[in-house]
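Shown below: run32.txt, with compact mmCIF, C-alpha atoms.
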```
# COMPACT_ATOMS: atom_id res chain seq x y z
CA MET A 296 100.48 133.67 40.00
CA ARG A 297 99.94 137.24 38.81
CA ILE A 298 96.89 139.10 37.51
CA VAL A 299 97.74 141.95 35.13
CA ASP A 300 95.20 144.63 34.18
CA ARG A 301 95.82 145.85 30.63
CA GLY A 302 92.83 148.13 30.28
CA VAL A 303 90.49 146.29 27.91
CA LYS A 304 91.63 142.86 29.08
CA VAL A 305 93.03 141.03 32.08
CA VAL A 306 95.99 138.66 31.79
CA VAL A 307 96.44 135.85 34.32
CA VAL A 308 99.99 134.50 34.54
CA GLY A 309 100.88 131.34 36.47
CA ASP A 310 100.31 127.60 36.76
CA ASP A 311 97.86 126.21 34.18
CA ALA A 312 95.45 124.79 36.75
CA GLU A 313 95.44 127.95 38.88
CA THR A 314 95.07 130.32 35.95
CA ALA A 315 92.15 128.25 34.64
CA LEU A 316 90.37 128.58 38.01
CA VAL A 317 91.02 132.33 38.16
CA GLY A 318 89.87 132.74 34.56
CA GLN A 319 86.59 130.96 35.34
CA MET A 320 86.13 133.10 38.44
CA LEU A 321 86.71 136.32 36.47
CA ASP A 322 84.23 135.22 33.80
CA GLU A 323 81.51 134.74 36.45
CA MET A 324 82.36 138.05 38.13
CA LEU A 325 81.98 139.74 34.72
CA VAL A 326 78.50 138.20 34.36
CA ALA A 327 77.59 139.56 37.80
CA VAL A 328 78.92 143.04 36.90
CA ARG A 329 76.89 143.09 33.70
CA LYS A 330 73.80 142.35 35.80
CA GLY A 331 74.52 145.36 38.00
CA HIS A 332 76.41 143.69 40.86
CA THR A 333 79.63 145.13 42.28
CA PRO A 334 81.73 142.16 43.47
CA SER A 335 83.38 142.36 46.88
CA ALA A 336 86.51 140.63 48.13
CA SER A 337 84.32 138.01 49.83
CA ASP A 338 82.51 137.40 46.51
CA VAL A 339 85.86 136.70 44.84
CA SER A 340 86.95 134.38 47.66
CA TYR A 341 83.64 132.52 47.51
CA ALA A 342 83.87 132.22 43.71
CA LEU A 343 87.38 130.77 43.91
CA ASN A 344 86.20 128.17 46.42
CA GLU A 345 83.31 127.30 44.12
CA ALA A 346 85.75 126.96 41.21
CA ARG A 347 87.97 124.61 43.22
CA ASN A 348 84.91 122.50 44.00
CA ARG A 349 83.84 122.56 40.33
CA GLN A 350 80.59 124.32 41.26
CA LEU A 351 81.18 127.70 39.65
CA ASP A 352 78.56 127.33 36.90
CA LYS A 353 76.14 130.30 36.76
CA LEU A 354 77.47 131.87 39.97
CA GLY A 355 77.47 135.26 38.23
CA SER A 356 73.71 135.03 37.78
CA VAL A 357 73.27 134.03 41.44
CA LEU A 358 75.18 137.15 42.53
CA GLY A 359 73.72 139.51 39.96
CA GLU A 360 70.02 138.67 39.88
CA ILE A 361 67.55 139.80 42.55
CA PRO A 362 65.23 136.95 43.65
CA SER A 363 61.48 137.51 43.45
CA ALA A 364 61.31 137.46 47.27
CA LEU A 365 63.16 140.80 47.47
CA ARG A 366 62.28 144.31 46.33
CA ARG A 367 64.81 145.77 43.94
CA GLU A 368 64.96 149.08 45.80
CA PHE A 369 66.56 147.38 48.83
CA GLN A 370 69.69 146.56 46.82
CA ILE A 371 69.90 143.29 48.77
CA LYS A 372 71.03 140.19 46.91
CA PRO A 373 72.08 136.67 47.88
CA ARG A 374 75.85 136.40 48.22
CA THR A 375 76.09 132.59 48.01
CA ARG A 376 74.23 129.70 46.42
CA GLY A 377 72.92 128.72 49.84
CA GLN A 378 71.43 132.17 50.36
CA ARG A 379 69.82 132.05 46.91
CA ARG A 380 68.35 128.62 47.71
CA TYR A 381 67.06 130.03 51.01
CA LEU A 382 65.22 132.91 49.31
CA ASP A 383 63.79 130.64 46.62
CA THR A 384 62.54 128.30 49.35
CA ILE A 385 60.81 131.19 51.12
CA THR A 386 59.07 132.10 47.86
CA ALA A 387 57.94 128.53 47.16
CA HIS A 388 56.75 127.52 50.64
CA ASP A 389 54.37 128.85 53.28
CA LEU A 390 56.70 127.67 56.05
CA THR A 391 60.50 127.65 55.87
CA LEU A 392 63.01 126.40 58.42
CA ALA A 393 66.47 127.94 57.98
CA ILE A 394 69.25 126.33 60.01
CA GLY A 395 72.84 127.51 59.89
CA PRO A 396 75.73 129.16 61.72
CA ALA A 397 76.19 132.80 62.62
CA GLY A 398 76.66 135.26 59.77
CA THR A 399 74.84 133.34 57.04
CA GLY A 400 72.07 135.94 56.69
CA LYS A 401 69.26 133.82 58.13
CA THR A 402 67.53 136.66 59.97
CA TYR A 403 68.48 139.49 57.64
CA LEU A 404 67.26 137.83 54.44
CA ALA A 405 64.05 136.65 56.10
CA MET A 406 63.46 140.22 57.27
CA ALA A 407 64.10 141.57 53.76
CA ALA A 408 61.61 139.07 52.31
CA ALA A 409 59.03 140.01 54.95
CA ILE A 410 59.31 143.76 54.38
CA SER A 411 59.25 143.17 50.62
CA ALA A 412 55.99 141.21 50.98
CA LEU A 413 54.53 144.01 53.12
CA LEU A 414 55.46 146.78 50.66
CA ASN A 415 54.18 144.65 47.76
CA ASN A 416 50.82 144.29 49.61
CA THR A 417 51.19 140.51 49.58
CA VAL A 418 50.56 140.57 53.34
CA SER A 419 49.04 143.25 55.57
CA ARG A 420 51.45 142.95 58.50
CA VAL A 421 54.79 141.58 59.62
CA VAL A 422 55.23 139.82 62.97
CA LEU A 423 58.74 139.36 64.34
CA THR A 424 59.34 137.22 67.41
CA ARG A 425 62.03 135.35 69.31
CA PRO A 426 62.24 133.51 72.63
CA ALA A 427 63.53 135.58 75.54
CA VAL A 428 66.38 133.28 76.55
CA GLU A 429 69.63 134.55 78.05
CA ALA A 430 72.71 133.57 76.04
CA GLY A 431 74.71 131.87 78.76
CA GLU A 432 74.55 134.89 81.06
CA ASN A 433 72.48 135.64 84.13
CA LEU A 434 71.22 139.17 83.49
CA GLY A 435 69.30 139.31 86.75
CA PHE A 436 66.61 141.91 87.38
CA LEU A 437 65.93 144.30 84.51
CA PRO A 438 64.33 147.67 85.36
CA GLY A 439 61.36 149.22 83.58
CA ASP A 440 57.98 148.05 82.32
CA LEU A 441 57.39 144.78 80.47
CA GLN A 442 58.27 146.23 77.04
CA GLN A 443 61.53 147.66 78.37
CA LYS A 444 62.41 144.31 79.94
CA VAL A 445 61.99 142.32 76.71
CA ASN A 446 63.42 144.91 74.28
CA PRO A 447 67.07 143.82 74.80
CA TYR A 448 66.16 140.34 73.57
CA LEU A 449 64.48 141.78 70.46
CA ARG A 450 67.19 144.34 69.60
CA PRO A 451 68.64 142.33 66.65
CA LEU A 452 65.24 142.35 64.95
CA TYR A 453 64.97 146.13 65.30
CA ASP A 454 68.52 146.52 63.96
CA ALA A 455 67.60 144.58 60.80
CA LEU A 456 64.44 146.66 60.37
CA TYR A 457 66.26 149.98 60.65
CA SER A 458 68.82 148.87 58.06
CA MET A 459 66.04 148.53 55.46
CA LEU A 460 63.60 151.33 56.34
CA ASP A 461 64.19 154.77 57.83
CA TYR A 462 63.60 155.21 61.55
CA ASP A 463 60.44 157.34 61.28
CA ARG A 464 58.79 154.94 58.87
CA VAL A 465 59.55 151.96 61.12
CA ARG A 466 58.12 153.80 64.14
CA ARG A 467 54.90 154.63 62.22
CA LEU A 468 54.49 151.03 61.07
CA ILE A 469 55.04 149.77 64.61
CA GLU A 470 52.61 152.31 66.09
CA ARG A 471 49.94 151.17 63.61
CA GLU A 472 50.84 147.54 64.47
CA THR A 473 51.59 146.90 60.81
CA ILE A 474 54.94 145.66 62.12
CA GLU A 475 54.90 143.90 65.47
CA VAL A 476 58.02 142.90 67.40
CA ALA A 477 57.24 140.74 70.43
CA PRO A 478 58.62 137.88 72.52
CA LEU A 479 57.42 134.39 71.62
CA ALA A 480 55.35 134.09 74.81
CA PHE A 481 53.03 136.79 73.42
CA MET A 482 52.04 134.54 70.48
CA ARG A 483 50.00 132.04 72.52
CA GLY A 484 46.28 131.98 71.70
CA ARG A 485 46.61 134.06 68.54
CA THR A 486 45.84 133.34 64.88
CA LEU A 487 48.21 135.17 62.54
CA SER A 488 46.35 135.70 59.25
CA ASN A 489 47.51 137.67 56.19
CA ALA A 490 50.90 138.05 57.83
CA PHE A 491 54.58 137.32 57.27
CA VAL A 492 55.88 135.88 60.55
CA ILE A 493 59.53 135.37 61.51
CA LEU A 494 60.60 133.30 64.51
CA ASP A 495 64.25 134.11 65.15
CA GLU A 496 66.71 132.26 67.44
CA ALA A 497 64.38 129.28 67.25
CA GLN A 498 67.06 126.91 68.56
CA ASN A 499 66.15 128.31 71.99
CA THR A 500 62.49 127.29 71.83
CA LYS A 501 61.26 124.33 73.83
CA SER A 502 59.19 121.64 72.12
CA GLU A 503 55.88 123.01 73.40
CA GLN A 504 56.82 126.56 72.35
CA MET A 505 57.65 125.45 68.83
CA LYS A 506 54.39 123.53 68.47
CA MET A 507 52.49 126.56 69.79
CA PHE A 508 54.16 128.83 67.22
CA LEU A 509 53.64 126.44 64.30
CA THR A 510 49.91 126.28 65.00
CA ARG A 511 49.49 130.10 64.98
CA LEU A 512 49.66 130.31 61.17
CA GLY A 513 46.43 131.59 59.62
CA GLU A 514 45.05 132.15 56.12
CA ASN A 515 47.31 133.82 53.52
CA SER A 516 50.30 133.79 55.86
CA LYS A 517 53.92 132.84 55.49
CA ALA A 518 56.37 131.94 58.26
CA VAL A 519 60.15 131.67 58.41
CA ILE A 520 61.85 130.00 61.38
CA THR A 521 65.57 130.63 61.79
CA GLY A 522 68.15 129.26 64.17
CA ASP A 523 71.66 127.99 64.78
CA ILE A 524 71.57 124.55 66.39
CA THR A 525 75.20 124.89 67.47
CA GLN A 526 74.27 127.79 69.78
CA ILE A 527 71.52 126.39 71.99
CA ASP A 528 71.16 128.25 75.29
CA LEU A 529 68.49 126.04 76.86
CA PRO A 530 69.24 124.24 80.12
CA ARG A 531 71.07 120.96 79.72
CA GLY A 532 68.66 118.10 79.04
CA VAL A 533 66.00 120.33 77.45
CA LYS A 534 65.55 119.46 73.78
CA SER A 535 65.48 122.28 71.25
CA GLY A 536 62.12 122.74 69.55
CA LEU A 537 63.93 123.59 66.30
CA VAL A 538 65.89 120.33 66.31
CA GLU A 539 62.68 118.40 66.98
CA ALA A 540 60.68 120.31 64.34
CA ARG A 541 63.33 119.64 61.70
CA SER A 542 62.90 115.92 62.25
CA ILE A 543 59.09 115.92 62.56
CA LEU A 544 58.36 118.24 59.60
CA LYS A 545 60.84 116.77 57.14
CA GLY A 546 59.00 115.83 53.96
CA VAL A 547 55.73 117.64 54.84
CA ALA A 548 54.26 119.31 51.74
CA GLY A 549 54.39 123.10 51.86
CA ILE A 550 57.31 123.18 54.29
CA GLY A 551 60.85 123.91 53.12
CA ILE A 552 63.98 123.16 55.16
CA VAL A 553 67.26 124.90 54.27
CA HIS A 554 70.64 124.13 55.82
CA LEU A 555 73.20 126.91 55.43
CA THR A 556 76.87 126.21 56.12
CA ARG A 557 79.99 128.17 57.02
CA GLY A 558 80.52 128.57 53.26
CA ASP A 559 77.47 130.88 53.33
CA VAL A 560 78.92 133.18 56.00
CA VAL A 561 79.10 136.76 54.72
CA ARG A 562 80.46 138.52 57.81
CA HIS A 563 84.14 139.17 58.48
CA ALA A 564 86.32 136.49 56.85
CA LEU A 565 87.48 135.41 60.31
CA VAL A 566 83.94 134.27 61.20
CA GLN A 567 84.27 131.31 58.80
CA GLU A 568 87.58 130.38 60.39
CA ILE A 569 86.14 130.67 63.91
CA ILE A 570 83.21 128.42 63.02
CA ALA A 571 85.56 125.90 61.41
CA ALA A 572 87.78 125.89 64.53
CA TYR A 573 84.82 125.21 66.81
CA GLU A 574 83.63 122.42 64.50
CA ARG A 575 87.04 120.74 64.67
CA VAL A 576 87.17 120.93 68.47
CA GLU A 577 83.59 119.77 68.96
CA GLY A 578 84.02 116.95 66.41
CA ARG A 579 80.75 117.54 64.62
CA ALA A 580 79.93 115.20 61.76
CA GLY A 581 77.19 117.19 60.06
CA PRO A 582 73.73 118.74 60.39
CA ASP A 583 72.15 115.49 61.62
CA ASP A 584 74.73 114.91 64.35
CA GLU A 585 73.01 115.15 67.74
CA HIS A 586 76.22 116.48 69.23
CA ALA A 587 76.03 119.34 66.75
CA ALA A 588 72.54 120.06 67.98
CA ARG A 589 73.75 120.50 71.53
CA GLY A 590 77.13 121.95 70.62
CA GLY A 591 78.66 120.54 73.79
CA GLU A 592 78.16 121.91 77.32
CA ASP A 593 81.60 123.48 77.56
CA ALA A 594 81.34 125.07 74.11
CA SER A 595 77.97 126.60 74.95
CA ARG A 596 79.57 128.49 77.83
CA ALA A 597 82.27 129.85 75.54
CA ARG A 598 80.07 131.04 72.72
CA GLY A 599 80.32 134.67 71.70
CA LEU A 600 78.88 134.61 68.18
CA ARG A 601 75.22 135.35 67.55
CA SER A 602 73.25 135.10 64.28
```
Full structure transcribed into structure tokens:
Amino acid sequence: MRIVDRGVKVVVVGDDAETALVGQMLDEMLVAVRKGHTPSASDVSYALNEARNRQLDKLGSVLGEIPSALRREFQIKPRTRGQRRYLDTITAHDLTLAIGPAGTGKTYLAMAAAISALLNNTVSRVVLTRPAVEAGENLGFLPGDLQQKVNPYLRPLYDALYSMLDYDRVRRLIERETIEVAPLAFMRGRTLSNAFVILDEAQNTKSEQMKMFLTRLGENSKAVITGDITQIDLPRGVKSGLVEARSILKGVAGIGIVHLTRGDVVRHALVQEIIAAYERVEGRAGPDDEHAARGGEDASRARGLRS
């Protein structure tokens, strides 16, 4: 198959079935371009997969339109249908659970929605937290005061912040406690009102930690809980609070649960292939497979990907 650019039009030459798929993909990319989106190679790959699965309808609008959860100035848009569903769920619910593999944008999109809500004066502060659990490594004694000890665990949250706001502005917001980044243990006993709260790496919470966090939510607040249940770093035999919460909270009004898949991965193209390879070896059957929740003891030691 060949694609020929003739200036005002594009000619696709090849097998009828293949050219039809490519033609549909190009039509949707044109819709996205007209809405101000510049398609990437991964967008084209994703669109072709959607065409093969007969799910291409309105993909151009998904890529080109900015959801209400995000400020236009950020120039951040969902790159897959799953990501668009995730952002719409955040908008429609006070509590959202987002479960999916590394690279699907769970933390980044939640952070963008939180900062958007803060700048829109929908909330008065943003609280970012995650459990301080070592990812299969024994880090031993860490020097410094308490803040210096926990900062390495919170670094991914700071990285996402700095990608959206300039350094000085982030520091001012943190100094005024408009943005708070803290380990999960610091949440006990608090009521988080008029806030957008993100619990990241929630697969590494214990049951009692998850219940504690869920009951912190105060008036006019929104919470997003993210995690990858294939990368649980808790000791063997300890059940993940995220896995338990997914089961307990299913069907509760006001709570949205989103499952992202490797098709929603927007990192390097190899990340999708790596996730697929691990799924084949571990023999996972789907999101409700308990083996998927644990990921397998041997696989947990070999993990190198983080969300």
Requested in this report: Find the residue from A:Arg450, A:Asp559, A:Val519, A:Asp311 that sits nearest to Ala387 of chain A; use all atoms listed in the file when measuring.
Outcome: A:Val519
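Excluding Gly484 of chain A itself and same-chain residues fewer than 5 positions from it, the residues having an atom within 12 Å of it are Leu479, Gln504, Met507, Phe508, Leu509, Thr510, Arg511 and Leu512 of chain A, counting only C-alpha atoms.
The two atoms in question, atom CA of Asp463 of chain A and atom CA of Val421 of chain A, are spaced 16.8 Å apart.
Atom CA of Asn416 of chain A to atom CA of Tyr457 of chain A spans 19.8 Å [interatomic distance, one decimal].
For the pair atom CA of Val299 of chain A and atom CA of Ser335 of chain A, the separation is 18.6 Å.
Minimum distance to Leu404 of chain A across A:Pro373, A:Pro426, A:Gly318, A:Pro478 (counting all atoms listed in the file) occurs at A:Pro373.
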